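Student: Pasting coords.txt below, which is compact mmCIF, C-alpha atoms.
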# COMPACT_ATOMS: atom_id res chain seq x y z
CA MET A 1 6.82 36.62 0.01
CA ALA A 2 9.43 33.89 0.49
CA SER A 3 6.72 31.28 1.10
CA ASN A 4 5.16 32.04 -2.31
CA TYR A 5 8.57 31.57 -3.91
CA ILE A 6 9.05 28.21 -2.17
CA TYR A 7 5.50 27.16 -3.09
CA ASN A 8 6.14 28.01 -6.76
CA ILE A 9 9.41 26.05 -6.79
CA CYS A 10 7.69 23.03 -5.21
CA PHE A 11 4.82 23.24 -7.68
CA VAL A 12 7.13 23.48 -10.69
CA SER A 13 9.27 20.62 -9.36
CA LEU A 14 6.20 18.42 -8.89
CA LEU A 15 4.96 19.30 -12.36
CA ILE A 16 8.32 18.43 -13.92
CA TYR A 17 8.40 15.16 -11.98
CA LEU A 18 4.90 14.19 -13.11
CA LEU A 19 5.70 15.04 -16.71
CA SER A 20 8.91 13.03 -16.60
CA ILE A 21 7.28 9.79 -15.47
CA ASN A 22 7.83 7.35 -18.28
CA ASN A 23 6.15 4.27 -16.86
CA SER A 24 3.60 3.01 -19.36
CA SER A 25 1.97 0.73 -16.76
CA LEU A 26 0.81 3.80 -14.84
CA LEU A 27 -0.64 5.64 -17.80
CA PRO A 28 -3.54 3.28 -18.55
CA GLN A 29 -4.54 3.31 -14.87
CA ALA A 30 -4.47 7.09 -14.73
CA ASN A 31 -6.64 7.29 -17.85
CA ALA A 32 -9.02 4.62 -16.57
CA ALA A 33 -9.33 6.39 -13.25
CA GLY A 34 -10.29 9.69 -14.80
CA SER A 35 -9.25 12.78 -12.92
CA CYS A 36 -8.31 11.23 -9.59
CA GLY A 37 -5.26 13.39 -9.10
CA ASN A 38 -3.07 12.90 -6.02
CA ALA A 39 -5.95 13.23 -3.53
CA PRO A 40 -6.78 9.50 -3.26
CA ALA A 41 -3.17 8.54 -2.54
CA ALA A 42 -2.85 11.31 0.03
CA SER A 43 -6.15 10.37 1.71
CA LEU A 44 -4.96 6.77 2.16
CA VAL A 45 -2.00 7.70 4.38
CA PRO A 46 -3.61 5.87 7.37
CA CYS A 47 -3.33 2.68 5.28
CA LEU A 48 0.42 2.84 4.76
CA GLY A 49 1.36 0.32 7.46
CA ALA A 50 -1.23 -2.14 6.16
CA ALA A 51 -0.05 -1.56 2.58
CA LYS A 52 3.49 -2.56 3.55
CA ASN A 53 2.73 -5.60 5.72
CA ALA A 54 -0.01 -8.15 4.95
CA ARG A 55 -0.08 -9.22 8.61
CA ALA A 56 -0.55 -5.70 9.97
CA LYS A 57 -3.98 -4.87 11.38
CA VAL A 58 -5.75 -2.40 9.11
CA PRO A 59 -6.64 0.72 11.11
CA PRO A 60 -10.37 1.60 11.24
CA MET A 61 -9.56 5.05 9.80
CA CYS A 62 -7.98 3.36 6.78
CA CYS A 63 -11.03 1.14 6.28
CA GLY A 64 -13.26 4.20 6.42
CA LYS A 65 -11.17 6.03 3.83
CA VAL A 66 -11.05 3.02 1.48
CA GLY A 67 -14.79 2.42 1.88
CA ALA A 68 -15.56 6.06 1.10
CA LEU A 69 -13.26 6.02 -1.92
CA LEU A 70 -14.92 2.87 -3.26
CA LYS A 71 -18.36 4.52 -2.88
CA THR A 72 -17.44 7.81 -4.53
CA SER A 73 -14.82 6.84 -7.14
CA PRO A 74 -13.89 3.16 -7.20
CA LYS A 75 -11.53 3.59 -10.15
CA CYS A 76 -9.41 5.93 -8.06
CA LEU A 77 -8.46 3.10 -5.70
CA CYS A 78 -6.24 1.58 -8.40
CA ALA A 79 -4.81 4.98 -9.22
CA ALA A 80 -3.95 5.50 -5.54
CA ILE A 81 -2.46 2.01 -5.08
CA LEU A 82 -0.32 2.29 -8.21
CA SER A 83 0.59 5.96 -7.74
CA PRO A 84 4.19 7.14 -7.55
CA GLU A 85 3.36 8.63 -4.15
CA ALA A 86 2.35 5.22 -2.77
CA LYS A 87 5.42 3.59 -4.29
CA ASN A 88 7.72 6.26 -2.87
CA ALA A 89 6.14 5.79 0.57
CA GLY A 90 7.00 2.08 0.45
CA ALA A 91 3.54 0.65 -0.20
CA ASN A 92 3.49 -2.76 -1.86
CA PRO A 93 0.68 -2.85 -4.47
CA ALA A 94 0.26 -6.62 -4.08
CA ILE A 95 -0.45 -6.10 -0.37
CA ALA A 96 -2.33 -2.80 -0.72
CA ILE A 97 -4.84 -4.39 -3.09
CA THR A 98 -5.91 -6.72 -0.24
CA ILE A 99 -6.92 -3.88 2.10
CA PRO A 100 -10.61 -3.74 1.02
CA LYS A 101 -10.94 -7.47 1.77
CA ARG A 102 -9.05 -7.13 5.06
CA CYS A 103 -11.50 -4.35 5.99
CA ASN A 104 -14.47 -6.62 5.13
CA ILE A 105 -15.77 -4.04 2.65
CA LYS A 106 -18.75 -5.69 0.97
CA ASN A 107 -18.94 -3.48 -2.13
CA ARG A 108 -15.31 -4.02 -3.16
CA PRO A 109 -14.81 -4.76 -6.87
CA VAL A 110 -13.84 -8.45 -6.48
CA GLY A 111 -11.94 -9.73 -9.52
CA LYS A 112 -11.23 -6.25 -10.92
CA LYS A 113 -7.79 -5.88 -12.46
CA CYS A 114 -5.66 -3.13 -11.02
CA GLY A 115 -2.55 -3.07 -13.16
CA ARG A 116 -1.17 -6.59 -12.86
CA TYR A 117 -2.97 -7.15 -9.55
CA THR A 118 -6.50 -8.47 -8.96
CA VAL A 119 -8.81 -7.31 -6.17
CA PRO A 120 -9.49 -10.33 -3.90
So, in terms of structure tokens, how does the structure I just supplied come out?
Tutor:
Amino acid sequence: MASNYIYNICFVSLLIYLLSINNSSLLPQANAAGSCGNAPAASLVPCLGAAKNARAKVPPMCCGKVGALLKTSPKCLCAAILSPEAKNAGANPAIAITIPKRCNIKNRPVGKKCGRYTVP
């Protein structure tokens, strides 16, 4: 019973947080990405080290996740890179946007704008 109470408090807190975001640069990306939700950002956790440091080797698991995301919902990559979750985890969008190239992903959207960043 207590776990349901904690779950409800966490859910309400997350909902309030998401509703209180007043960053207009995120809103167009969220709309452009459709209904990506938080799943893309959460699935890219193996990429965090590579998203913080441009010289870090990108783990194969990260490359697999990014490649799969680009195949299924390429617009969600921007949503994940620019998400509050990624920012709070310390990811640098200017570095994170280079991960598809660093993984040698052939079908990456070269030249696509992702907020103020461009996919190399």
Student: Please measure the separation of atom CA of Asn92 of chain A and atom CA of Ser73 of chain A, giving the value in Å to one decimal.
Tutor: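 For atom CA of Asn92 of chain A relative to atom CA of Ser73 of chain A, the distance reads 21.3 Å.
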Student: Select, from A:Gly37, A:Gly115, A:Gly49, A:Pro60, the residue with the minimum atom-to-atom distance to Gly90 of chain A, counting only C-alpha atoms.
Tutor: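 Looking at the shortest contact to Gly90 of chain A, the residue is A:Gly49.
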Student: Using only C-alpha atoms, which residues sit within 7 Å of Cys62 of chain A once same-chain residues fewer than 4 positions away are excluded, as a PyMOL selection string?
Tutor: chain A and resi 44+46-47+58+66
Student: Mind giving me the straight-line distance from atom CA of Ala86 of chain A to atom CA of Ser43 of chain A in Å, one decimal?
Tutor: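 About the pair atom CA of Ala86 of chain A and atom CA of Ser43 of chain A: they are 10.9 Å apart.
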Student: Neighbourhood query: residues within 9 Å of (-13.1, -6.0, -6.0), file coordinates, counting only C-alpha atoms; return as a PyMOL selection string.
Tutor: chain A and resi 97+100-101+106-113+118-120
Student: Name all residues at most 9 Å from Pro40 of chain A (count only C-alpha atoms; drop same-chain ones fewer than 2 positions away) and give them as a ChimeraX atom specification.
Tutor: /A:36-38,42-44,69,76-77,79-81
Student: What's the separation between atom CA of Ala89 of chain A and atom CA of Ala39 of chain A, in Å to one decimal place?
Tutor: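 Value for the atom CA of Ala89 of chain A-atom CA of Ala39 of chain A distance: 14.8 Å.
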